[in-house]
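Asker: Data file query-v8.cif (mmCIF, C-alpha atoms) is appended below.
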```cif
data_model
loop_
_atom_site.group_PDB
_atom_site.id
_atom_site.type_symbol
_atom_site.label_atom_id
_atom_site.label_comp_id
_atom_site.auth_asym_id
_atom_site.auth_seq_id
_atom_site.Cartn_x
_atom_site.Cartn_y
_atom_site.Cartn_z
ATOM 1 C CA MET S 1 1.623 -81.679 42.900
ATOM 2 C CA SER S 2 4.961 -82.237 44.574
ATOM 3 C CA HIS S 3 6.566 -80.438 41.632
ATOM 4 C CA SER S 4 4.805 -77.137 42.210
ATOM 5 C CA LEU S 5 5.795 -74.411 44.617
ATOM 6 C CA ASP S 6 2.177 -73.644 45.474
ATOM 7 C CA ALA S 7 1.622 -76.964 47.235
ATOM 8 C CA TYR S 8 4.543 -76.377 49.583
ATOM 9 C CA LEU S 9 3.532 -72.802 50.288
ATOM 10 C CA VAL S 10 -0.072 -73.818 51.035
ATOM 11 C CA LEU S 11 1.224 -76.496 53.402
ATOM 12 C CA SER S 12 3.454 -73.918 55.066
ATOM 13 C CA SER S 13 0.507 -71.521 55.431
ATOM 14 C CA LEU S 14 -1.618 -74.183 57.088
ATOM 15 C CA LEU S 15 1.145 -75.114 59.512
ATOM 16 C CA PHE S 16 1.725 -71.455 60.356
ATOM 17 C CA ALA S 17 -1.997 -70.962 61.031
ATOM 18 C CA ILE S 18 -2.068 -73.996 63.317
ATOM 19 C CA GLY S 19 0.895 -72.584 65.228
ATOM 20 C CA THR S 20 -0.786 -69.199 65.487
ATOM 21 C CA PHE S 21 -3.908 -70.750 66.950
ATOM 22 C CA GLY S 22 -1.857 -72.675 69.492
ATOM 23 C CA PHE S 23 0.097 -69.618 70.524
ATOM 24 C CA LEU S 24 -3.043 -67.542 71.012
ATOM 25 C CA ALA S 25 -5.246 -70.163 72.614
ATOM 26 C CA ARG S 26 -3.142 -72.333 74.907
ATOM 27 C CA ARG S 27 -2.732 -71.432 78.566
ATOM 28 C CA ASN S 28 0.433 -73.413 79.212
ATOM 29 C CA ALA S 29 3.615 -71.449 78.542
ATOM 30 C CA ILE S 30 5.438 -74.497 77.188
ATOM 31 C CA ALA S 31 2.557 -75.259 74.832
ATOM 32 C CA MET S 32 2.905 -71.689 73.578
ATOM 33 C CA LEU S 33 6.620 -72.279 72.986
ATOM 34 C CA MET S 34 5.814 -75.466 71.079
ATOM 35 C CA SER S 35 3.412 -73.485 68.911
ATOM 36 C CA ILE S 36 6.215 -71.020 68.194
ATOM 37 C CA GLU S 37 8.356 -73.942 67.090
ATOM 38 C CA LEU S 38 5.595 -75.013 64.703
ATOM 39 C CA MET S 39 5.449 -71.493 63.253
ATOM 40 C CA LEU S 40 9.235 -71.421 62.803
ATOM 41 C CA ASN S 41 9.030 -74.759 61.021
ATOM 42 C CA ALA S 42 6.367 -73.383 58.695
ATOM 43 C CA VAL S 43 8.551 -70.414 57.792
ATOM 44 C CA ASN S 44 11.495 -72.737 57.273
ATOM 45 C CA LEU S 45 9.457 -74.899 54.909
ATOM 46 C CA ALA S 46 8.549 -71.817 52.876
ATOM 47 C CA ILE S 47 12.205 -70.747 52.686
ATOM 48 C CA VAL S 48 13.375 -74.196 51.602
ATOM 49 C CA ALA S 49 10.597 -74.435 49.006
ATOM 50 C CA PHE S 50 11.480 -71.034 47.536
ATOM 51 C CA GLY S 51 15.122 -72.050 47.394
ATOM 52 C CA ALA S 52 14.317 -75.347 45.708
ATOM 53 C CA PHE S 53 12.051 -73.945 43.017
ATOM 54 C CA THR S 54 13.857 -70.719 42.108
ATOM 55 C CA PRO S 55 17.104 -71.210 40.159
ATOM 56 C CA GLN S 56 18.374 -67.733 41.057
ATOM 57 C CA LEU S 57 18.337 -68.673 44.732
ATOM 58 C CA ALA S 58 20.044 -72.031 44.191
ATOM 59 C CA ALA S 59 21.467 -73.146 47.554
ATOM 60 C CA ASN S 60 20.789 -69.860 49.362
ATOM 61 C CA GLY S 61 17.442 -71.137 50.601
ATOM 62 C CA ALA S 62 19.019 -74.126 52.310
ATOM 63 C CA VAL S 63 21.706 -71.960 53.934
ATOM 64 C CA ILE S 64 19.131 -69.512 55.286
ATOM 65 C CA ALA S 65 17.050 -72.431 56.545
ATOM 66 C CA LEU S 66 20.076 -73.726 58.455
ATOM 67 C CA PHE S 67 20.491 -70.307 60.065
ATOM 68 C CA VAL S 68 16.820 -70.310 61.035
ATOM 69 C CA ILE S 69 17.229 -73.743 62.640
ATOM 70 C CA ALA S 70 20.247 -72.534 64.651
ATOM 71 C CA THR S 71 18.378 -69.438 65.796
ATOM 72 C CA ALA S 72 15.377 -71.573 66.758
ATOM 73 C CA ALA S 73 17.647 -73.689 68.940
ATOM 74 C CA ALA S 74 18.874 -70.547 70.731
ATOM 75 C CA GLU S 75 15.297 -69.321 71.113
ATOM 76 C CA ALA S 76 14.133 -72.607 72.579
ATOM 77 C CA THR S 77 17.006 -72.648 75.075
ATOM 78 C CA VAL S 78 16.357 -69.168 76.421
ATOM 79 C CA GLY S 79 12.569 -69.446 76.268
ATOM 80 C CA LEU S 80 12.432 -72.695 78.208
ATOM 81 C CA ALA S 81 14.928 -71.356 80.756
ATOM 82 C CA ILE S 82 12.693 -68.323 81.289
ATOM 83 C CA VAL S 83 9.626 -70.549 81.715
ATOM 84 C CA ILE S 84 11.452 -72.710 84.250
ATOM 85 C CA ALA S 85 12.646 -69.624 86.152
ATOM 86 C CA ILE S 86 9.095 -68.245 86.284
ATOM 87 C CA TYR S 87 7.747 -71.641 87.335
ATOM 88 C CA ARG S 88 10.185 -71.694 90.243
ATOM 89 C CA ASN S 89 8.744 -68.433 91.541
ATOM 90 C CA ARG S 90 5.058 -68.790 90.732
ATOM 91 C CA ARG S 91 4.573 -72.589 90.920
ATOM 92 C CA THR S 92 2.414 -72.676 87.799
ATOM 93 C CA PRO S 93 3.106 -72.876 84.053
ATOM 94 C CA LEU S 94 -0.209 -71.212 83.133
ATOM 95 C CA VAL S 95 0.343 -67.796 81.636
ATOM 96 C CA ASP S 96 -2.941 -66.247 82.706
ATOM 97 C CA GLU S 97 -1.927 -66.617 86.346
ATOM 98 C CA TYR S 98 1.148 -64.444 85.825
ATOM 99 C CA SER S 99 -0.892 -61.412 86.745
ATOM 100 C CA SER S 100 1.226 -59.663 89.366
ATOM 101 C CA MET S 101 1.961 -56.775 87.004
ATOM 102 C CA ARG S 102 -1.698 -56.180 86.257
ATOM 103 C CA GLU S 103 -2.437 -53.833 89.147
ATOM 104 C CA MET L 1 12.945 -104.319 36.208
ATOM 105 C CA ALA L 2 11.944 -100.732 36.504
ATOM 106 C CA LEU L 3 9.374 -99.490 38.939
ATOM 107 C CA PRO L 4 6.311 -97.918 37.349
ATOM 108 C CA GLN L 5 6.335 -94.139 37.224
ATOM 109 C CA THR L 6 2.924 -93.842 38.782
ATOM 110 C CA VAL L 7 1.058 -95.629 41.508
ATOM 111 C CA PRO L 8 -0.828 -98.584 39.989
ATOM 112 C CA TYR L 9 -4.624 -98.185 39.690
ATOM 113 C CA PHE L 10 -4.537 -94.562 40.852
ATOM 114 C CA ASN L 11 -2.387 -93.005 38.146
ATOM 115 C CA ILE L 12 -0.691 -90.454 40.372
ATOM 116 C CA PRO L 13 3.087 -90.112 40.607
ATOM 117 C CA TRP L 14 4.918 -91.620 43.557
ATOM 118 C CA ASP L 15 6.278 -88.214 44.567
ATOM 119 C CA ASP L 16 2.779 -86.859 44.961
ATOM 120 C CA LEU L 17 1.729 -89.825 47.061
ATOM 121 C CA VAL L 18 4.726 -89.404 49.377
ATOM 122 C CA PHE L 19 4.131 -85.667 49.567
ATOM 123 C CA LEU L 20 0.465 -86.092 50.441
ATOM 124 C CA ALA L 21 1.230 -88.715 53.075
ATOM 125 C CA LEU L 22 3.940 -86.592 54.707
ATOM 126 C CA ALA L 23 1.808 -83.452 54.563
ATOM 127 C CA GLY L 24 -1.128 -85.269 56.128
ATOM 128 C CA VAL L 25 0.991 -86.690 58.917
ATOM 129 C CA MET L 26 2.613 -83.317 59.581
ATOM 130 C CA LEU L 27 -0.626 -81.340 59.703
ATOM 131 C CA GLY L 28 -2.415 -83.997 61.760
ATOM 132 C CA ALA L 29 0.393 -84.166 64.280
ATOM 133 C CA ALA L 30 0.551 -80.367 64.462
ATOM 134 C CA LEU L 31 -3.187 -80.219 65.134
ATOM 135 C CA LEU L 32 -2.788 -82.792 67.894
ATOM 136 C CA VAL L 33 0.066 -80.705 69.373
ATOM 137 C CA VAL L 34 -2.192 -77.683 69.539
ATOM 138 C CA LEU L 35 -5.456 -79.351 70.538
ATOM 139 C CA GLY L 36 -4.292 -82.142 72.835
ATOM 140 C CA ARG L 37 -5.172 -81.912 76.508
ATOM 141 C CA ASN L 38 -2.148 -83.823 77.805
ATOM 142 C CA ILE L 39 0.924 -81.694 77.244
ATOM 143 C CA ILE L 40 3.383 -84.596 77.320
ATOM 144 C CA ARG L 41 1.505 -86.171 74.427
ATOM 145 C CA SER L 42 1.606 -82.789 72.714
ATOM 146 C CA GLY L 43 5.389 -82.883 72.975
ATOM 147 C CA LEU L 44 5.508 -86.384 71.494
ATOM 148 C CA TRP L 45 3.195 -85.424 68.618
ATOM 149 C CA MET L 46 5.500 -82.465 67.988
ATOM 150 C CA ILE L 47 8.352 -84.926 67.374
ATOM 151 C CA LEU L 48 6.226 -86.727 64.763
ATOM 152 C CA SER L 49 5.405 -83.422 63.101
ATOM 153 C CA PHE L 50 9.098 -82.520 62.930
ATOM 154 C CA ALA L 51 9.942 -85.940 61.473
ATOM 155 C CA ALA L 52 7.336 -85.610 58.727
ATOM 156 C CA LEU L 53 8.688 -82.159 57.930
ATOM 157 C CA ALA L 54 12.188 -83.634 57.641
ATOM 158 C CA GLY L 55 10.776 -86.051 55.076
ATOM 159 C CA ILE L 56 9.297 -83.136 53.140
ATOM 160 C CA TYR L 57 12.690 -81.409 53.180
ATOM 161 C CA ALA L 58 14.255 -84.542 51.717
ATOM 162 C CA LEU L 59 11.505 -84.698 49.104
ATOM 163 C CA VAL L 60 12.086 -81.121 48.035
ATOM 164 C CA GLY L 61 15.798 -81.740 47.599
ATOM 165 C CA ALA L 62 17.310 -80.110 50.680
ATOM 166 C CA THR L 63 18.879 -83.202 52.170
ATOM 167 C CA LEU L 64 21.267 -81.378 54.479
ATOM 168 C CA VAL L 65 18.384 -79.360 55.912
ATOM 169 C CA ALA L 66 16.511 -82.626 56.468
ATOM 170 C CA ALA L 67 19.481 -84.030 58.374
ATOM 171 C CA ALA L 68 19.760 -80.837 60.426
ATOM 172 C CA GLN L 69 16.030 -81.009 61.138
ATOM 173 C CA VAL L 70 16.386 -84.522 62.525
ATOM 174 C CA LEU L 71 19.505 -83.671 64.510
ATOM 175 C CA ILE L 72 18.481 -80.336 65.970
ATOM 176 C CA TYR L 73 14.694 -80.359 66.160
ATOM 177 C CA ILE L 74 14.085 -84.004 66.988
ATOM 178 C CA GLY L 75 17.342 -84.628 68.818
ATOM 179 C CA ALA L 76 17.798 -81.421 70.749
ATOM 180 C CA ILE L 77 14.816 -79.079 70.854
ATOM 181 C CA SER L 78 12.186 -81.782 71.406
ATOM 182 C CA VAL L 79 14.198 -83.318 74.226
ATOM 183 C CA LEU L 80 14.626 -79.867 75.773
ATOM 184 C CA VAL L 81 10.886 -79.235 75.525
ATOM 185 C CA LEU L 82 10.070 -82.608 77.066
ATOM 186 C CA PHE L 83 12.476 -81.916 79.944
ATOM 187 C CA ALA L 84 10.851 -78.537 80.529
ATOM 188 C CA ILE L 85 7.386 -80.117 80.446
ATOM 189 C CA MET L 86 8.355 -82.680 83.060
ATOM 190 C CA LEU L 87 10.000 -80.019 85.239
ATOM 191 C CA THR L 88 6.868 -77.882 85.243
ATOM 192 C CA GLN L 89 4.236 -80.578 85.699
ATOM 193 C CA SER L 90 2.066 -79.884 88.680
ATOM 194 C CA LYS L 91 0.799 -82.763 90.800
ATOM 195 C CA ALA L 92 -2.777 -82.064 89.852
ATOM 196 C CA GLY L 93 -2.134 -83.472 86.404
ATOM 197 C CA PRO L 94 -3.232 -81.771 83.218
ATOM 198 C CA ALA L 95 -5.125 -78.586 83.781
ATOM 199 C CA LYS L 96 -8.855 -78.791 83.338
ATOM 200 C CA LEU L 97 -8.949 -75.648 81.232
ATOM 201 C CA VAL L 98 -6.405 -76.116 78.467
ATOM 202 C CA PHE L 99 -7.437 -73.114 76.405
ATOM 203 C CA HIS L 100 -8.158 -69.520 77.231
ATOM 204 C CA HIS L 101 -11.769 -68.403 77.344
ATOM 205 C CA GLN L 102 -11.223 -66.436 74.133
ATOM 206 C CA ALA L 103 -9.996 -69.495 72.205
ATOM 207 C CA TRP L 104 -12.836 -69.125 69.695
ATOM 208 C CA ALA L 105 -11.466 -65.710 68.719
ATOM 209 C CA ALA L 106 -8.020 -67.252 68.280
ATOM 210 C CA ALA L 107 -9.544 -69.975 66.094
ATOM 211 C CA ILE L 108 -11.265 -67.383 63.910
ATOM 212 C CA ALA L 109 -8.072 -65.346 63.629
ATOM 213 C CA ALA L 110 -5.986 -68.398 62.716
ATOM 214 C CA ALA L 111 -8.525 -69.562 60.130
ATOM 215 C CA MET L 112 -8.624 -66.103 58.558
ATOM 216 C CA LEU L 113 -4.822 -65.997 58.527
ATOM 217 C CA ALA L 114 -4.722 -69.370 56.758
ATOM 218 C CA VAL L 115 -7.286 -68.252 54.170
ATOM 219 C CA ILE L 116 -5.465 -64.987 53.490
ATOM 220 C CA LEU L 117 -2.087 -66.688 53.156
ATOM 221 C CA ILE L 118 -3.443 -69.379 50.822
ATOM 222 C CA VAL L 119 -5.215 -66.804 48.634
ATOM 223 C CA VAL L 120 -2.045 -64.735 48.413
ATOM 224 C CA VAL L 121 0.057 -67.793 47.578
ATOM 225 C CA LEU L 122 -2.307 -68.987 44.867
ATOM 226 C CA ALA L 123 -2.886 -65.538 43.371
ATOM 227 C CA THR L 124 0.760 -64.552 43.051
ATOM 228 C CA PRO L 125 2.547 -65.534 39.826
ATOM 229 C CA TRP L 126 5.842 -66.808 41.226
ATOM 230 C CA PRO L 127 8.765 -66.378 38.834
ATOM 231 C CA LEU L 128 9.675 -70.003 38.469
ATOM 232 C CA ALA L 129 12.026 -71.437 35.926
ATOM 233 C CA ALA L 130 12.490 -74.919 37.288
ATOM 234 C CA ASP L 131 9.985 -77.646 36.547
ATOM 235 C CA GLY L 132 10.941 -79.589 39.650
ATOM 236 C CA PRO L 133 12.826 -79.145 42.886
ATOM 237 C CA ILE L 134 16.545 -78.440 42.573
ATOM 238 C CA PHE L 135 18.610 -80.854 44.614
ATOM 239 C CA VAL L 136 21.227 -79.090 46.730
ATOM 240 C CA THR L 137 24.399 -80.919 47.666
ATOM 241 C CA ALA L 138 26.143 -80.425 50.980
ATOM 242 C CA GLN L 139 29.250 -79.235 49.143
ATOM 243 C CA THR L 140 27.388 -76.301 47.594
ATOM 244 C CA ILE L 141 25.978 -75.331 50.974
ATOM 245 C CA ALA L 142 29.395 -75.527 52.608
ATOM 246 C CA ARG L 143 31.013 -73.324 49.961
ATOM 247 C CA LEU L 144 28.233 -70.770 50.279
ATOM 248 C CA LEU L 145 28.299 -70.898 54.074
ATOM 249 C CA PHE L 146 31.991 -70.049 54.271
ATOM 250 C CA SER L 147 32.111 -67.479 51.486
ATOM 251 C CA ASP L 148 28.984 -65.347 51.169
ATOM 252 C CA TYR L 149 27.505 -66.079 54.560
ATOM 253 C CA VAL L 150 30.628 -66.215 56.713
ATOM 254 C CA LEU L 151 29.682 -63.122 58.729
ATOM 255 C CA ALA L 152 26.220 -64.517 59.453
ATOM 256 C CA PHE L 153 27.853 -67.815 60.388
ATOM 257 C CA GLU L 154 30.068 -66.119 62.969
ATOM 258 C CA VAL L 155 27.173 -64.079 64.327
ATOM 259 C CA VAL L 156 25.090 -67.234 64.746
ATOM 260 C CA SER L 157 27.918 -68.929 66.606
ATOM 261 C CA VAL L 158 28.164 -65.981 69.010
ATOM 262 C CA LEU L 159 24.373 -66.039 69.368
ATOM 263 C CA LEU L 160 24.422 -69.711 70.297
ATOM 264 C CA LEU L 161 27.150 -69.086 72.890
ATOM 265 C CA ALA L 162 25.133 -66.232 74.370
ATOM 266 C CA ALA L 163 22.008 -68.393 74.431
ATOM 267 C CA VAL L 164 23.831 -71.188 76.243
ATOM 268 C CA ILE L 165 25.204 -68.803 78.878
ATOM 269 C CA GLY L 166 21.860 -67.061 79.238
ATOM 270 C CA GLY L 167 19.988 -70.335 79.557
ATOM 271 C CA VAL L 168 22.318 -71.612 82.254
ATOM 272 C CA PHE L 169 22.100 -68.320 84.135
ATOM 273 C CA LEU L 170 18.302 -68.105 83.936
ATOM 274 C CA ALA L 171 17.612 -71.690 84.937
ATOM 275 C CA LYS L 172 20.186 -71.694 87.727
ATOM 276 C CA ARG L 173 18.831 -72.206 91.200
ATOM 277 C CA GLU L 174 19.481 -69.099 93.223
ATOM 278 C CA ASP L 175 18.595 -70.266 96.740
ATOM 279 C CA SER L 176 21.681 -72.480 97.122
ATOM 280 C CA PRO L 177 24.756 -70.343 97.816
ATOM 281 C CA ASP L 178 28.073 -72.088 97.567
ATOM 282 C CA PRO L 179 29.493 -73.332 100.884
ATOM 283 C CA GLY L 180 32.029 -70.540 101.247
ATOM 284 C CA ASP L 181 29.319 -67.907 101.530
ATOM 285 C CA ILE L 182 27.367 -69.420 104.417
ATOM 286 C CA PRO L 183 27.776 -67.251 107.497
ATOM 287 C CA ALA L 184 29.005 -68.787 110.709
ATOM 288 C CA ILE L 185 25.596 -68.630 112.374
ATOM 289 C CA ALA L 186 23.267 -70.120 109.801
ATOM 290 C CA PRO L 187 19.623 -69.210 110.194
ATOM 291 C CA VAL L 188 17.884 -72.331 111.462
ATOM 292 C CA ALA L 189 14.599 -71.529 109.775
ATOM 293 C CA ALA L 190 16.250 -71.615 106.385
ATOM 294 C CA LEU L 191 17.439 -75.180 106.844
ATOM 295 C CA PRO L 192 15.105 -78.120 106.373
ATOM 296 C CA PRO L 193 14.325 -79.733 109.744
ATOM 297 C CA SER L 194 15.765 -83.126 108.847
ATOM 298 C CA ARG L 195 19.204 -81.779 107.997
ATOM 299 C CA GLY L 196 20.007 -79.267 110.715
ATOM 300 C CA PRO L 197 20.435 -79.983 114.427
ATOM 301 C CA VAL L 198 17.014 -81.040 115.524
ATOM 302 C CA ILE L 199 15.647 -78.754 118.151
ATOM 303 C CA SER L 200 13.211 -80.400 120.496
ATOM 304 C CA ALA L 201 10.471 -77.898 119.881
ATOM 305 C CA ASN L 202 10.900 -78.374 116.157
ATOM 306 C CA ALA L 203 11.137 -82.152 116.096
ATOM 307 C CA SER L 204 7.446 -83.001 116.126
ATOM 308 C CA THR L 205 6.612 -80.663 113.278
ATOM 309 C CA GLY L 206 9.588 -81.953 111.342
ATOM 310 C CA LEU L 207 8.438 -85.539 111.717
ATOM 311 C CA GLY L 208 4.899 -84.586 110.865
ATOM 312 C CA ALA L 209 6.041 -82.868 107.745
ATOM 313 C CA ALA L 210 8.151 -85.854 106.779
ATOM 314 C CA ALA L 211 5.251 -88.258 107.243
ATOM 315 C CA GLY L 212 3.040 -86.316 104.879
ATOM 316 C CA PRO L 213 0.263 -83.801 105.138
ATOM 317 C CA VAL L 214 -1.256 -85.119 108.354
ATOM 318 C CA GLU L 215 -4.048 -83.007 109.755
ATOM 319 C CA LYS L 216 -3.398 -82.203 113.381
ATOM 320 C CA PRO L 217 -6.296 -81.756 115.748
#
```
Mind converting the file's structure to structure tokens?
Answerer:
Amino acid sequence: MSHSLDAYLVLSSLLFAIGTFGFLARRNAIAMLMSIELMLNAVNLAIVAFGAFTPQLAANGAVIALFVIATAAAEATVGLAIVIAIYRNRRTPLVDEYSSMRE
Amino acid sequence: MALPQTVPYFNIPWDDLVFLALAGVMLGAALLVVLGRNIIRSGLWMILSFAALAGIYALVGATLVAAAQVLIYIGAISVLVLFAIMLTQSKAGPAKLVFHHQAWAAAIAAAMLAVILIVVVLATPWPLAADGPIFVTAQTIARLLFSDYVLAFEVVSVLLLAAVIGGVFLAKREDSPDPGDIPAIAPVAALPPSRGPVISANASTGLGAAAGPVEKP
């Protein structure tokens, strides 16, 4: 089981679906960012698994996964800074109360 | 003595047992991240999920990616998320309504996404030649990183610099100008009552505010 690509890809799919649910369903902006991190991890697992099981890719999968991790760090920095800046103005982290642009 | 190739009494390989354990821990922790009502506990479960995923990376042969996962996700991003959680906690505690009202639709969409992805994964004949995971050494990654991927490497470094500057600028407090910019006649209303020269008319309200939310008749 641990020697087949399918197991890793199924695991990655499940993790991505869990992250999708969290991003769509949670009200807290930071919980939504955590769900995005879960989805990025799922994609990273798929990339690493493809790299490990395909000889043509060799180490390319690991290199791309490292780039994804670096980009995720940048995304988390800016995303959390935006959430903190909004929280300073609106005094709430709940996204459905950010409704000043609705009308 | 040599360890047995399979788990005694169950006849499954050790790799599979480790994989199943790590996968179970990772998915369980991820579910607790998404479903938990207390967001600080969600952040802590997220660390466990990342750690289990680092174990899976090590199992699949990408040891450097596993180390980077521990360093960056557990060491940096989780700490950043926990700081942000504690900066945005309201005094009322966890919100009563954790999910949107349309959370059932999100659950259906996520379940359908999982089913579609799993069907696609299982139905596609992947062109595989290896019978097991290929272990990647750090030396191979380093050679590749500074030959084929050197442009992407530089772009990522510039991206990280831009993200650091942008994060500092966005999270900077804007209502505290540096001392050189304060005009000679500072507006009294802008200062907190305890710090400025206490005006007699203002003193009682200042003390009342310092003592707490006391209801005045």
Asker: Would you kindly translate the PyMOL selection byres ((chain S and resi 96) around 12) into the concrete residues it picks from this file, as number ranges by chain?
Answerer: S: 24-29, 90, 92-95, 97-102; L: 97-102
Asker: What are the closest atom pairs, with distances in Å to one decimal, for each residue of chain S lying within 7 Å of chain L, using all atoms listed in the file, rows by chain and rising residue number, as CSV?
Answerer:
```
residue,atom,partner,partner_atom,distance
S:Met1,CA,L:Asp16,CA,5.7
S:Ser2,CA,L:Asp16,CA,5.1
S:His3,CA,L:Gly132,CA,4.9
S:Asp6,CA,L:Leu122,CA,6.5
S:Leu9,CA,L:Val121,CA,6.7
S:Val10,CA,L:Ile118,CA,5.6
S:Ser13,CA,L:Ala114,CA,5.8
S:Leu14,CA,L:Ala114,CA,5.7
S:Leu15,CA,L:Leu27,CA,6.5
S:Ala17,CA,L:Ala110,CA,5.0
S:Ile18,CA,L:Leu31,CA,6.6
S:Thr20,CA,L:Ala110,CA,5.9
S:Phe21,CA,L:Ala110,CA,5.3
S:Gly22,CA,L:Val34,CA,5.0
S:Leu24,CA,L:Ala106,CA,5.7
S:Ala25,CA,L:Ala103,CA,4.8
S:Arg26,CA,L:Phe99,CA,4.6
S:Arg27,CA,L:Phe99,CA,5.4
S:Ile30,CA,L:Ile85,CA,6.8
S:Ala49,CA,L:Val60,CA,6.9
S:Ala52,CA,L:Ile134,CA,4.9
S:Phe53,CA,L:Pro133,CA,5.3
S:Thr54,CA,L:Leu128,CA,5.6
S:Pro55,CA,L:Ala130,CA,6.6
S:Ala59,CA,L:Val136,CA,6.0
S:Ala62,CA,L:Val65,CA,6.4
S:Val63,CA,L:Ile141,CA,6.2
S:Leu66,CA,L:Val65,CA,6.4
S:Ala73,CA,L:Ile77,CA,6.4
S:Ala74,CA,L:Ala163,CA,5.3
S:Ala76,CA,L:Ile77,CA,6.7
S:Thr77,CA,L:Gly167,CA,5.9
S:Val78,CA,L:Gly167,CA,4.9
S:Leu80,CA,L:Ala84,CA,6.5
S:Ala81,CA,L:Ala171,CA,5.0
S:Ile82,CA,L:Leu170,CA,6.2
S:Ile84,CA,L:Ala171,CA,6.3
S:Ala85,CA,L:Ala171,CA,5.5
S:Tyr87,CA,L:Thr88,CA,6.6
S:Pro93,CA,L:Thr88,CA,6.4
```
Asker: For this structure, which residues satisfy the selection - the PyMOL selection byres ((chain S and resi 61) around 7) - when it is evaluated on the file as given? I want them as a PyMOL selection string.
Answerer: chain S and resi 47-48+50-51+57-60+62-65
Asker: Work out how far apart CA of Met34 (chain S) and CA of Glu154 (chain L) are and give it in Å to one decimal.
Answerer: 27.2 Å
Asker: State, in Å with one decimal place, the distance from CA of Ala52 (chain L) to CA of Leu33 (chain S).
Answerer: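 Rounded to one decimal, the two atoms are 19.5 Å apart.
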Asker: Would you mind reading off the distance between CA of Phe16 (chain S) and CA of Met39 (chain S), one decimal, in Å?
Answerer: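 Interatomic distance, CA of Phe16 (chain S) to CA of Met39 (chain S): 4.7 Å.
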Asker: For each of L:Gln5, L:Asn11, L:Leu151, L:Ile74, take the minimum atom-to-atom distance to Phe67 (chain S), counting only C-alpha atoms, then give the residue where this is smallest.
Answerer: L:Leu151
